[in-house]
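So this block is entry_26.txt, compact mmCIF, C-alpha atoms:
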# COMPACT_ATOMS: atom_id res chain seq x y z
CA MET A 1 -16.70 -17.95 -1.25
CA ARG A 2 -18.26 -15.14 0.74
CA LEU A 3 -17.52 -11.48 1.28
CA TYR A 4 -17.86 -9.68 4.63
CA ASP A 5 -18.99 -6.21 3.66
CA TYR A 6 -20.43 -2.93 4.92
CA PRO A 7 -22.17 -0.33 2.75
CA GLY A 8 -20.90 3.23 2.84
CA ALA A 9 -17.29 2.58 3.84
CA PRO A 10 -14.74 3.34 1.11
CA ASN A 11 -12.72 0.12 1.14
CA PRO A 12 -15.70 -2.22 0.81
CA ARG A 13 -16.95 0.01 -1.98
CA ARG A 14 -13.69 -0.40 -3.88
CA VAL A 15 -14.15 -4.17 -3.87
CA ARG A 16 -17.83 -3.98 -4.84
CA ILE A 17 -17.06 -1.75 -7.84
CA PHE A 18 -14.25 -4.11 -8.85
CA MET A 19 -16.67 -7.06 -8.68
CA ALA A 20 -19.35 -5.19 -10.65
CA GLU A 21 -16.89 -4.33 -13.41
CA LYS A 22 -16.18 -8.05 -13.78
CA GLY A 23 -19.80 -9.09 -13.41
CA VAL A 24 -18.96 -11.24 -10.38
CA GLU A 25 -21.54 -11.94 -7.70
CA ILE A 26 -20.48 -13.31 -4.33
CA GLU A 27 -22.50 -14.20 -1.25
CA THR A 28 -22.25 -11.14 0.96
CA ILE A 29 -22.51 -10.90 4.75
CA ARG A 30 -23.01 -7.59 6.46
CA VAL A 31 -20.67 -6.56 9.29
CA ASP A 32 -22.24 -3.56 10.97
CA LEU A 33 -19.42 -1.10 11.55
CA ALA A 34 -21.95 1.35 13.04
CA VAL A 35 -22.25 -0.86 16.12
CA LYS A 36 -18.58 -1.96 16.02
CA GLU A 37 -19.46 -5.49 14.98
CA GLN A 38 -15.97 -5.88 13.50
CA PHE A 39 -14.65 -6.08 17.07
CA SER A 40 -17.06 -8.87 18.10
CA PRO A 41 -15.58 -12.25 19.04
CA ALA A 42 -17.46 -13.81 16.11
CA TYR A 43 -15.82 -11.51 13.57
CA ARG A 44 -12.41 -11.65 15.23
CA ALA A 45 -12.53 -15.41 14.67
CA ILE A 46 -12.86 -14.68 10.94
CA ASN A 47 -10.40 -11.77 10.83
CA ALA A 48 -8.30 -11.02 13.91
CA ARG A 49 -7.33 -7.71 12.33
CA CYS A 50 -11.00 -6.62 12.48
CA LEU A 51 -10.93 -5.23 8.93
CA VAL A 52 -13.81 -5.08 6.48
CA PRO A 53 -14.01 -6.24 3.73
CA THR A 54 -12.73 -9.78 4.17
CA LEU A 55 -13.06 -12.44 1.46
CA VAL A 56 -13.32 -16.01 2.75
CA LEU A 57 -12.60 -18.74 0.20
CA ASP A 58 -14.37 -22.11 0.16
CA ASP A 59 -11.36 -23.71 1.87
CA GLY A 60 -11.68 -21.23 4.75
CA THR A 61 -8.78 -18.98 3.74
CA ALA A 62 -9.53 -15.41 4.83
CA ILE A 63 -8.12 -12.53 2.75
CA ASP A 64 -8.25 -8.93 3.93
CA GLU A 65 -6.75 -5.79 2.39
CA SER A 66 -9.01 -4.65 -0.45
CA VAL A 67 -6.27 -4.71 -3.07
CA ALA A 68 -5.35 -8.30 -2.12
CA ILE A 69 -9.02 -9.28 -2.49
CA CYS A 70 -9.03 -7.60 -5.91
CA ARG A 71 -5.85 -9.49 -6.82
CA TYR A 72 -7.60 -12.80 -6.11
CA LEU A 73 -10.61 -11.80 -8.19
CA GLU A 74 -8.36 -10.58 -11.03
CA GLU A 75 -6.64 -13.98 -11.15
CA VAL A 76 -9.86 -16.02 -11.02
CA PHE A 77 -11.95 -13.72 -13.23
CA PRO A 78 -9.39 -12.17 -15.59
CA GLU A 79 -11.87 -10.38 -17.88
CA PRO A 80 -11.98 -7.47 -18.21
CA PRO A 81 -8.45 -6.87 -16.88
CA LEU A 82 -8.39 -4.18 -14.17
CA MET A 83 -4.82 -4.65 -12.91
CA GLY A 84 -2.82 -4.50 -16.13
CA VAL A 85 -2.22 -6.69 -19.18
CA ASP A 86 1.57 -7.11 -19.46
CA ALA A 87 4.64 -6.54 -17.29
CA ARG A 88 4.95 -2.82 -17.97
CA ASP A 89 1.21 -2.20 -17.67
CA LYS A 90 0.85 -4.25 -14.48
CA ALA A 91 3.65 -2.25 -12.88
CA LEU A 92 2.15 1.07 -13.96
CA VAL A 93 -1.31 0.13 -12.70
CA GLU A 94 0.19 -0.92 -9.37
CA MET A 95 2.17 2.33 -9.18
CA TRP A 96 -0.88 4.49 -9.88
CA GLN A 97 -3.12 2.46 -7.60
CA ARG A 98 -0.65 2.97 -4.78
CA ARG A 99 -0.35 6.69 -5.50
CA MET A 100 -4.13 7.06 -5.36
CA GLU A 101 -4.26 5.12 -2.13
CA LEU A 102 -1.23 6.57 -0.31
CA ASP A 103 -1.59 10.17 -1.49
CA GLY A 104 -5.38 10.30 -1.71
CA LEU A 105 -7.41 7.76 0.22
CA ALA A 106 -4.99 7.73 3.16
CA ALA A 107 -5.12 11.54 3.33
CA ALA A 108 -8.92 11.58 3.38
CA ALA A 109 -8.96 8.87 6.05
CA GLU A 110 -6.41 10.81 8.11
CA ALA A 111 -8.62 13.92 8.12
CA LEU A 112 -11.78 11.97 8.94
CA ARG A 113 -10.52 9.45 11.48
CA ASN A 114 -8.76 12.09 13.56
CA SER A 115 -11.84 14.31 13.80
CA ALA A 116 -14.99 12.13 13.88
CA LYS A 117 -16.41 11.80 17.37
CA GLY A 118 -17.49 8.25 16.68
CA LEU A 119 -13.88 7.27 15.95
CA GLN A 120 -12.29 8.44 19.19
CA GLY A 121 -9.58 5.96 20.15
CA ARG A 122 -9.68 4.50 16.62
CA ALA A 123 -7.63 6.94 14.56
CA LEU A 124 -6.23 3.99 12.63
CA VAL A 125 -8.16 0.93 11.49
CA GLY A 126 -7.42 -2.44 13.04
CA PRO A 127 -7.54 -4.11 16.44
CA HIS A 128 -5.12 -1.73 18.21
CA GLY A 129 -6.64 1.49 19.47
CA TYR A 130 -4.79 4.71 18.70
CA GLU A 131 -5.96 8.07 19.95
CA GLN A 132 -6.89 10.87 17.59
CA ILE A 133 -4.21 13.51 16.94
CA PRO A 134 -5.84 16.86 16.15
CA ALA A 135 -2.89 18.09 14.05
CA LEU A 136 -3.57 15.27 11.59
CA VAL A 137 -6.92 16.77 10.59
CA ALA A 138 -5.25 19.80 9.04
CA ARG A 139 -2.49 17.66 7.56
CA GLY A 140 -4.97 15.28 5.98
CA LYS A 141 -6.81 18.20 4.40
CA ALA A 142 -3.56 19.73 3.11
CA ARG A 143 -2.52 16.39 1.63
CA LEU A 144 -5.86 16.08 -0.10
CA VAL A 145 -5.41 19.49 -1.74
CA ASP A 146 -2.00 18.38 -3.01
CA PHE A 147 -3.48 15.08 -4.16
CA TYR A 148 -6.15 16.82 -6.20
CA ALA A 149 -3.58 19.10 -7.86
CA ASP A 150 -1.37 16.13 -8.76
CA LEU A 151 -4.32 14.09 -10.01
CA ASP A 152 -5.52 16.96 -12.18
CA ALA A 153 -2.06 17.27 -13.76
CA ARG A 154 -2.07 13.53 -14.46
CA LEU A 155 -5.55 13.51 -15.96
CA ALA A 156 -4.69 16.47 -18.18
CA GLU A 157 -2.34 14.13 -20.05
CA SER A 158 -4.01 10.71 -19.64
CA ALA A 159 -7.57 9.51 -20.32
CA TYR A 160 -7.62 7.34 -17.18
CA VAL A 161 -5.41 7.39 -14.10
CA ALA A 162 -3.08 4.59 -15.22
CA GLY A 163 -3.28 5.14 -18.99
CA ASP A 164 -5.78 4.55 -21.80
CA ARG A 165 -7.85 1.96 -19.94
CA PHE A 166 -10.11 1.95 -16.86
CA THR A 167 -8.33 0.14 -13.99
CA ILE A 168 -8.30 -0.35 -10.23
CA ALA A 169 -6.43 2.97 -9.98
CA ASP A 170 -9.55 4.75 -11.24
CA ILE A 171 -11.66 2.90 -8.69
CA THR A 172 -9.44 4.03 -5.81
CA ALA A 173 -9.36 7.61 -7.08
CA PHE A 174 -13.12 7.77 -7.63
CA VAL A 175 -13.97 6.27 -4.23
CA THR A 176 -11.52 8.67 -2.57
CA ILE A 177 -13.24 11.68 -4.11
CA GLU A 178 -16.71 10.37 -3.23
CA PHE A 179 -15.62 9.65 0.34
CA ALA A 180 -13.90 13.01 0.88
CA THR A 181 -16.79 14.92 -0.68
CA SER A 182 -19.69 13.15 1.01
CA ARG A 183 -18.19 12.65 4.45
CA MET A 184 -16.15 15.83 4.84
CA LYS A 185 -17.17 18.28 2.10
CA LEU A 186 -13.60 18.08 0.85
CA GLY A 187 -14.27 17.84 -2.86
CA PHE A 188 -11.89 19.01 -5.57
CA ALA A 189 -11.96 22.63 -6.73
CA PRO A 190 -14.03 23.37 -9.88
CA ALA A 191 -10.92 24.83 -11.52
CA LEU A 192 -9.50 21.31 -11.74
CA ARG A 193 -11.07 20.64 -15.12
CA ALA A 194 -9.19 17.47 -15.94
CA ILE A 195 -10.52 15.75 -12.81
CA ALA A 196 -14.03 16.97 -13.65
CA ARG A 197 -13.76 15.55 -17.21
CA TRP A 198 -12.54 12.19 -15.92
CA ARG A 199 -15.02 12.07 -13.04
CA ALA A 200 -18.03 12.57 -15.35
CA MET A 201 -16.75 9.76 -17.58
CA VAL A 202 -16.17 7.35 -14.70
CA GLU A 203 -19.42 8.24 -12.92
CA ALA A 204 -21.38 7.08 -16.01
CA ARG A 205 -20.19 3.49 -15.55
CA PRO A 206 -22.96 1.26 -14.16
CA SER A 207 -20.56 -0.13 -11.52
CA MET A 208 -20.36 3.29 -9.86
CA ARG A 209 -24.05 3.27 -9.01
CA ILE A 210 -23.67 0.21 -6.84
CA GLN A 211 -23.56 1.30 -3.24
CA SER A 212 -24.08 -2.10 -1.73
CA ALA A 213 -25.68 -5.49 -2.22
CA ILE A 214 -26.78 -5.63 1.40
CA MET B 1 16.76 -0.35 -17.93
CA ARG B 2 18.32 1.50 -15.03
CA LEU B 3 17.55 1.87 -11.33
CA TYR B 4 17.88 5.12 -9.40
CA ASP B 5 18.99 4.01 -5.97
CA TYR B 6 20.42 5.11 -2.63
CA PRO B 7 22.16 2.83 -0.14
CA GLY B 8 20.88 2.76 3.41
CA ALA B 9 17.26 3.76 2.81
CA PRO B 10 14.73 1.00 3.44
CA ASN B 11 12.71 1.17 0.21
CA PRO B 12 15.70 0.97 -2.13
CA ARG B 13 16.96 -1.92 -0.03
CA ARG B 14 13.70 -3.81 -0.53
CA VAL B 15 14.17 -3.63 -4.29
CA ARG B 16 17.85 -4.59 -4.14
CA ILE B 17 17.09 -7.69 -2.04
CA PHE B 18 14.29 -8.61 -4.47
CA MET B 19 16.72 -8.31 -7.39
CA ALA B 20 19.39 -10.33 -5.60
CA GLU B 21 16.93 -13.15 -4.87
CA LYS B 22 16.24 -13.35 -8.61
CA GLY B 23 19.88 -12.91 -9.64
CA VAL B 24 19.02 -9.79 -11.62
CA GLU B 25 21.60 -7.07 -12.18
CA ILE B 26 20.53 -3.64 -13.40
CA GLU B 27 22.54 -0.53 -14.15
CA THR B 28 22.29 1.55 -10.99
CA ILE B 29 22.53 5.31 -10.59
CA ARG B 30 23.00 6.88 -7.18
CA VAL B 31 20.64 9.65 -6.05
CA ASP B 32 22.22 11.18 -2.96
CA LEU B 33 19.39 11.64 -0.49
CA ALA B 34 21.89 13.02 2.05
CA VAL B 35 22.20 16.20 -0.03
CA LYS B 36 18.54 16.14 -1.14
CA GLU B 37 19.45 15.28 -4.73
CA GLN B 38 15.96 13.80 -5.18
CA PHE B 39 14.63 17.38 -5.23
CA SER B 40 17.04 18.55 -7.95
CA PRO B 41 15.58 19.64 -11.31
CA ALA B 42 17.46 16.79 -12.99
CA TYR B 43 15.82 14.15 -10.81
CA ARG B 44 12.41 15.79 -10.88
CA ALA B 45 12.54 15.42 -14.67
CA ILE B 46 12.89 11.66 -14.11
CA ASN B 47 10.40 11.40 -11.23
CA ALA B 48 8.30 14.44 -10.33
CA ARG B 49 7.32 12.69 -7.12
CA CYS B 50 10.98 12.80 -5.99
CA LEU B 51 10.92 9.20 -4.78
CA VAL B 52 13.81 6.75 -4.72
CA PRO B 53 14.01 4.07 -6.01
CA THR B 54 12.75 4.65 -9.53
CA LEU B 55 13.11 2.07 -12.30
CA VAL B 56 13.38 3.53 -15.82
CA LEU B 57 12.67 1.10 -18.67
CA ASP B 58 14.44 1.22 -22.01
CA ASP B 59 11.43 2.99 -23.56
CA GLY B 60 11.75 5.74 -20.96
CA THR B 61 8.84 4.63 -18.75
CA ALA B 62 9.56 5.56 -15.13
CA ILE B 63 8.15 3.35 -12.36
CA ASP B 64 8.27 4.36 -8.71
CA GLU B 65 6.76 2.67 -5.65
CA SER B 66 9.02 -0.20 -4.63
CA VAL B 67 6.30 -2.83 -4.83
CA ALA B 68 5.38 -1.73 -8.37
CA ILE B 69 9.05 -2.04 -9.35
CA CYS B 70 9.08 -5.53 -7.84
CA ARG B 71 5.91 -6.35 -9.77
CA TYR B 72 7.66 -5.49 -13.03
CA LEU B 73 10.68 -7.61 -12.13
CA GLU B 74 8.44 -10.51 -11.05
CA GLU B 75 6.73 -10.48 -14.44
CA VAL B 76 9.94 -10.24 -16.47
CA PHE B 77 12.04 -12.54 -14.27
CA PRO B 78 9.48 -14.98 -12.83
CA GLU B 79 11.97 -17.34 -11.14
CA PRO B 80 12.04 -17.80 -8.25
CA PRO B 81 8.52 -16.51 -7.60
CA LEU B 82 8.45 -13.94 -4.80
CA MET B 83 4.87 -12.66 -5.21
CA GLY B 84 2.88 -15.90 -5.22
CA VAL B 85 2.32 -18.85 -7.54
CA ASP B 86 -1.48 -19.13 -7.99
CA ALA B 87 -4.57 -16.99 -7.34
CA ARG B 88 -4.87 -17.84 -3.64
CA ASP B 89 -1.16 -17.56 -3.01
CA LYS B 90 -0.78 -14.28 -4.91
CA ALA B 91 -3.60 -12.77 -2.85
CA LEU B 92 -2.12 -14.00 0.43
CA VAL B 93 1.35 -12.69 -0.45
CA GLU B 94 -0.16 -9.32 -1.34
CA MET B 95 -2.14 -9.28 1.90
CA TRP B 96 0.90 -10.06 4.03
CA GLN B 97 3.14 -7.69 2.12
CA ARG B 98 0.65 -4.91 2.75
CA ARG B 99 0.34 -5.79 6.43
CA MET B 100 4.13 -5.66 6.82
CA GLU B 101 4.25 -2.34 5.03
CA LEU B 102 1.22 -0.60 6.55
CA ASP B 103 1.56 -1.94 10.10
CA GLY B 104 5.38 -2.16 10.23
CA LEU B 105 7.39 -0.10 7.78
CA ALA B 106 4.95 2.83 7.88
CA ALA B 107 5.08 2.82 11.70
CA ALA B 108 8.88 2.89 11.75
CA ALA B 109 8.92 5.67 9.16
CA GLU B 110 6.36 7.64 11.19
CA ALA B 111 8.56 7.50 14.30
CA LEU B 112 11.73 8.43 12.41
CA ARG B 113 10.47 11.07 10.00
CA ASN B 114 8.67 13.03 12.72
CA SER B 115 11.75 13.17 14.97
CA ALA B 116 14.91 13.35 12.81
CA LYS B 117 16.32 16.87 12.65
CA GLY B 118 17.41 16.34 9.07
CA LEU B 119 13.81 15.65 8.05
CA GLN B 120 12.20 18.82 9.36
CA GLY B 121 9.49 19.88 6.92
CA ARG B 122 9.61 16.44 5.30
CA ALA B 123 7.56 14.26 7.63
CA LEU B 124 6.18 12.45 4.58
CA VAL B 125 8.14 11.47 1.48
CA GLY B 126 7.39 13.17 -1.81
CA PRO B 127 7.49 16.64 -3.32
CA HIS B 128 5.08 18.29 -0.88
CA GLY B 129 6.58 19.40 2.40
CA TYR B 130 4.70 18.49 5.57
CA GLU B 131 5.87 19.59 8.99
CA GLN B 132 6.79 17.10 11.68
CA ILE B 133 4.11 16.31 14.28
CA PRO B 134 5.73 15.39 17.60
CA ALA B 135 2.78 13.22 18.71
CA LEU B 136 3.49 10.89 15.80
CA VAL B 137 6.83 9.84 17.26
CA ALA B 138 5.15 8.15 20.22
CA ARG B 139 2.40 6.76 17.99
CA GLY B 140 4.91 5.31 15.56
CA LYS B 141 6.74 3.59 18.41
CA ALA B 142 3.49 2.22 19.87
CA ARG B 143 2.46 0.90 16.45
CA LEU B 144 5.82 -0.80 16.07
CA VAL B 145 5.36 -2.61 19.40
CA ASP B 146 1.95 -3.83 18.23
CA PHE B 147 3.44 -4.83 14.88
CA TYR B 148 6.12 -6.94 16.55
CA ALA B 149 3.54 -8.71 18.73
CA ASP B 150 1.34 -9.47 15.72
CA LEU B 151 4.32 -10.62 13.64
CA ASP B 152 5.50 -12.93 16.42
CA ALA B 153 2.06 -14.52 16.63
CA ARG B 154 2.06 -15.05 12.87
CA LEU B 155 5.56 -16.54 12.78
CA ALA B 156 4.70 -18.89 15.64
CA GLU B 157 2.35 -20.66 13.21
CA SER B 158 4.05 -20.10 9.82
CA ALA B 159 7.61 -20.71 8.59
CA TYR B 160 7.66 -17.48 6.58
CA VAL B 161 5.44 -14.40 6.76
CA ALA B 162 3.12 -15.41 3.90
CA GLY B 163 3.33 -19.20 4.28
CA ASP B 164 5.85 -21.96 3.56
CA ARG B 165 7.91 -19.99 1.06
CA PHE B 166 10.15 -16.90 1.20
CA THR B 167 8.38 -13.95 -0.47
CA ILE B 168 8.34 -10.17 -0.79
CA ALA B 169 6.45 -10.08 2.53
CA ASP B 170 9.58 -11.42 4.27
CA ILE B 171 11.68 -8.79 2.54
CA THR B 172 9.46 -5.96 3.79
CA ALA B 173 9.36 -7.39 7.32
CA PHE B 174 13.13 -7.93 7.46
CA VAL B 175 13.96 -4.48 6.11
CA THR B 176 11.50 -2.92 8.57
CA ILE B 177 13.22 -4.59 11.53
CA GLU B 178 16.69 -3.64 10.26
CA PHE B 179 15.58 -0.04 9.70
CA ALA B 180 13.85 0.33 13.08
CA THR B 181 16.74 -1.29 14.92
CA SER B 182 19.64 0.48 13.23
CA ARG B 183 18.14 3.94 12.90
CA MET B 184 16.08 4.17 16.10
CA LYS B 185 17.10 1.31 18.42
CA LEU B 186 13.53 0.08 18.14
CA GLY B 187 14.22 -3.62 17.74
CA PHE B 188 11.85 -6.39 18.78
CA ALA B 189 11.91 -7.71 22.35
CA PRO B 190 13.99 -10.89 22.94
CA ALA B 191 10.87 -12.60 24.32
CA LEU B 192 9.45 -12.67 20.79
CA ARG B 193 11.05 -16.00 19.97
CA ALA B 194 9.18 -16.67 16.76
CA ILE B 195 10.51 -13.48 15.19
CA ALA B 196 14.01 -14.36 16.39
CA ARG B 197 13.76 -17.84 14.81
CA TRP B 198 12.56 -16.42 11.50
CA ARG B 199 15.03 -13.53 11.50
CA ALA B 200 18.03 -15.84 11.91
CA MET B 201 16.79 -17.96 9.02
CA VAL B 202 16.20 -14.97 6.73
CA GLU B 203 19.43 -13.23 7.70
CA ALA B 204 21.39 -16.23 6.42
CA ARG B 205 20.23 -15.65 2.86
CA PRO B 206 23.00 -14.12 0.69
CA SER B 207 20.59 -11.43 -0.56
CA MET B 208 20.37 -9.95 2.92
CA ARG B 209 24.07 -9.09 2.96
CA ILE B 210 23.69 -6.77 -0.01
CA GLN B 211 23.56 -3.23 1.25
CA SER B 212 24.10 -1.55 -2.09
CA ALA B 213 25.71 -1.90 -5.47
CA ILE B 214 26.82 1.73 -5.48
Structure rendered as structure tokens:
Amino acid sequence: MRLYDYPGAPNPRRVRIFMAEKGVEIETIRVDLAVKEQFSPAYRAINARCLVPTLVLDDGTAIDESVAICRYLEEVFPEPPLMGVDARDKALVEMWQRRMELDGLAAAAEALRNSAKGLQGRALVGPHGYEQIPALVARGKARLVDFYADLDARLAESAYVAGDRFTIADITAFVTIEFATSRMKLGFAPALRAIARWRAMVEARPSMRIQSAI
Amino acid sequence: MRLYDYPGAPNPRRVRIFMAEKGVEIETIRVDLAVKEQFSPAYRAINARCLVPTLVLDDGTAIDESVAICRYLEEVFPEPPLMGVDARDKALVEMWQRRMELDGLAAAAEALRNSAKGLQGRALVGPHGYEQIPALVARGKARLVDFYADLDARLAESAYVAGDRFTIADITAFVTIEFATSRMKLGFAPALRAIARWRAMVEARPSMRIQSAI
């Protein structure tokens, strides 16, 4: 199989961290988002939705959506488990992963994609162009503040986002914070001590140092 | 276990259809969204995120996010499988489920929640109030048109959304169409024959007639 990837973007990074945690190496092909290569005819033939990352299996099956790619890897390389170990745990990991993504990563993307000059006409990912809406910049920032407050409350009572174990929910939360901080200076407030405690612990994992294989 | 539910809303309906397909019956408690009961202190004690549905297990664990609730039910009641049968299939079902949700259901919700008078100050679900943004009504409608075109292309080449078998991706797609059509008259165009073929087939399933148990 092979992975279509781009360094620096948050969704590809989620998949790369997931792979590193499992010790999985996959042939990687760079799709240069900086020159809009994802809209090229060659890439559209691989993924008509123009999303990166995309995992292509040996039988030609193309899988996009980072969490769906992680699901495949979790099934094929089950150790260490990053998406839960029994029914209750799998449901809780999925719940927390979705909360991190919908409340956090989507908020950061909303603020960035509606303000960056290079993303005019591309306020949402995918093949259909949507214009930027200036009011969404402020909303994205407000959502991120709420997200940080909620995350801090959670981490004040739980070692990791989804419980006692590092999971995909931690990956999404960590990448969200990195993305919001580095791209928009929208980091969490120092008063949020529980996030700071958790972030230092997660940052020490070797997988977090991997920016890209390409 | 018990399910906190409300008839008429699309996310609770997704879970009810999923349960009906598996023949699962769960004690159901009504949370009256029409009078904002999800924001009551009693319900906040169950789910601080104020979301419906919420599944509460016998040990008191509360699970929100409809897909996470379905994940739990899939693990505990595996037959018939609605979230995939092997690594490749599970990944493809997750991919298609997410596409239906992010491209379809989220678009319909964007159009409705930014225009309905009863949802002023609540343009996004959850405990944090966000004001309506009028420009999102037109964007939500435009996204829904694109969603229908993409779904028609998919169903022209596949019996069901995620392949040869009925899955959670069909449930999300069907509920999205019902929601957009009944609440906003934003149904798909008659020219989209592949959707019409699929919709007639899915609508005939007994699970689709279940509006609510309460």
Counting only C-alpha atoms, which residues of chain A come no farther than 7 Å from chain B, as a PDB file with C-alpha atoms, keeping the file's coordinate frame?
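The result, stored in iface-v9.pdb:
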ATOM      1  CA  ILE A  63      -8.120 -12.530   2.750  1.00  0.00           C
ATOM      2  CA  ASP A  64      -8.250  -8.930   3.930  1.00  0.00           C
ATOM      3  CA  GLU A  65      -6.750  -5.790   2.390  1.00  0.00           C
ATOM      4  CA  ALA A  68      -5.350  -8.300  -2.120  1.00  0.00           C
ATOM      5  CA  ILE A  69      -9.020  -9.280  -2.490  1.00  0.00           C
ATOM      6  CA  ARG A  71      -5.850  -9.490  -6.820  1.00  0.00           C
ATOM      7  CA  TYR A  72      -7.600 -12.800  -6.110  1.00  0.00           C
ATOM      8  CA  GLU A  75      -6.640 -13.980 -11.150  1.00  0.00           C
ATOM      9  CA  VAL A  76      -9.860 -16.020 -11.020  1.00  0.00           C
ATOM     10  CA  ALA A  87       4.640  -6.540 -17.290  1.00  0.00           C
ATOM     11  CA  ARG A  88       4.950  -2.820 -17.970  1.00  0.00           C
ATOM     12  CA  ALA A  91       3.650  -2.250 -12.880  1.00  0.00           C
ATOM     13  CA  LEU A  92       2.150   1.070 -13.960  1.00  0.00           C
ATOM     14  CA  GLU A  94       0.190  -0.920  -9.370  1.00  0.00           C
ATOM     15  CA  MET A  95       2.170   2.330  -9.180  1.00  0.00           C
TER      16      MET A  95
END
Practice problem: Could you tell me which of A:Leu82, A:Ala34, A:Ile26, A:Ala196 comes closest to A:Thr167 if we count all atoms listed in the file? | Solution: A:Leu82
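Note that the spacing between atom CA of A:Ala109 and atom CA of B:Arg44 amounts to 28.1 Å.
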Please report, as AutoDock Vina command-line options, the centre and edge lengths in Å to one decimal of an axis-aligned box covering all listed atoms of stretch 84-101 of chain B with 5 Å per side.
--center_x -0.3 --center_y -10.7 --center_z -0.6 --size_x 19.1 --size_y 26.8 --size_z 24.8
Quiz prompt | Atom pair atom CA of B:Ile195 / atom CA of B:Pro10: separation (Å) | solution = 19.1 Å
Quiz prompt | Separation of atom CA of B:Lys36 from atom CA of B:Lys117 in Å | solution = 14.0 Å
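With only C-alpha atoms as the atoms that count, the residue of B:Leu55, B:Cys50, B:Ala45, B:Ala156 with the shortest distance to B:Asp5 is B:Leu55.
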Practice problem: Using all atoms listed in the file, determine which residues lie at most 10 Å from A:Glu110, disregarding the query and same-chain residues fewer than 2 positions distant; provide the list as a ChimeraX atom specification. | Solution: /A:104-108,112-115,123-124,132-133,136-141,143-144
Starting from the incomplete input, reconstruct all heavy atoms of stretch 63-67 of chain B and write that as a PDB file, in the frame of the given file.
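Resulting contents of result-v8.pdb:
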ATOM      1  N   ILE B  63       9.018   4.024 -13.340  1.00  0.00           N
ATOM      2  CA  ILE B  63       8.150   3.350 -12.360  1.00  0.00           C
ATOM      3  C   ILE B  63       8.703   3.629 -10.976  1.00  0.00           C
ATOM      4  O   ILE B  63       9.848   3.304 -10.672  1.00  0.00           O
ATOM      5  CB  ILE B  63       8.132   1.827 -12.610  1.00  0.00           C
ATOM      6  CG1 ILE B  63       7.672   1.518 -14.039  1.00  0.00           C
ATOM      7  CG2 ILE B  63       7.241   1.124 -11.592  1.00  0.00           C
ATOM      8  CD1 ILE B  63       7.920   0.080 -14.459  1.00  0.00           C
ATOM      9  N   ASP B  64       7.879   4.255 -10.119  1.00  0.00           N
ATOM     10  CA  ASP B  64       8.270   4.360  -8.710  1.00  0.00           C
ATOM     11  C   ASP B  64       7.336   3.474  -7.897  1.00  0.00           C
ATOM     12  O   ASP B  64       6.595   2.665  -8.467  1.00  0.00           O
ATOM     13  CB  ASP B  64       8.318   5.808  -8.219  1.00  0.00           C
ATOM     14  CG  ASP B  64       6.960   6.492  -8.147  1.00  0.00           C
ATOM     15  OD1 ASP B  64       5.916   5.810  -8.080  1.00  0.00           O
ATOM     16  OD2 ASP B  64       6.937   7.735  -8.157  1.00  0.00           O
ATOM     17  N   GLU B  65       7.413   3.599  -6.568  1.00  0.00           N
ATOM     18  CA  GLU B  65       6.760   2.670  -5.650  1.00  0.00           C
ATOM     19  C   GLU B  65       7.478   1.314  -5.713  1.00  0.00           C
ATOM     20  O   GLU B  65       7.367   0.579  -6.703  1.00  0.00           O
ATOM     21  CB  GLU B  65       5.260   2.499  -5.947  1.00  0.00           C
ATOM     22  CG  GLU B  65       4.415   3.717  -5.637  1.00  0.00           C
ATOM     23  CD  GLU B  65       4.372   4.034  -4.142  1.00  0.00           C
ATOM     24  OE1 GLU B  65       4.483   3.104  -3.330  1.00  0.00           O
ATOM     25  OE2 GLU B  65       4.246   5.223  -3.784  1.00  0.00           O
ATOM     26  N   SER B  66       8.169   0.989  -4.635  1.00  0.00           N
ATOM     27  CA  SER B  66       9.020  -0.200  -4.630  1.00  0.00           C
ATOM     28  C   SER B  66       8.266  -1.470  -5.011  1.00  0.00           C
ATOM     29  O   SER B  66       8.799  -2.325  -5.726  1.00  0.00           O
ATOM     30  CB  SER B  66       9.648  -0.372  -3.240  1.00  0.00           C
ATOM     31  OG  SER B  66      10.461   0.744  -2.948  1.00  0.00           O
ATOM     32  N   VAL B  67       7.046  -1.608  -4.539  1.00  0.00           N
ATOM     33  CA  VAL B  67       6.300  -2.830  -4.830  1.00  0.00           C
ATOM     34  C   VAL B  67       5.916  -2.899  -6.309  1.00  0.00           C
ATOM     35  O   VAL B  67       5.862  -3.983  -6.898  1.00  0.00           O
ATOM     36  CB  VAL B  67       5.053  -2.937  -3.922  1.00  0.00           C
ATOM     37  CG1 VAL B  67       4.252  -4.186  -4.244  1.00  0.00           C
ATOM     38  CG2 VAL B  67       5.482  -2.965  -2.449  1.00  0.00           C
TER      39      VAL B  67
END
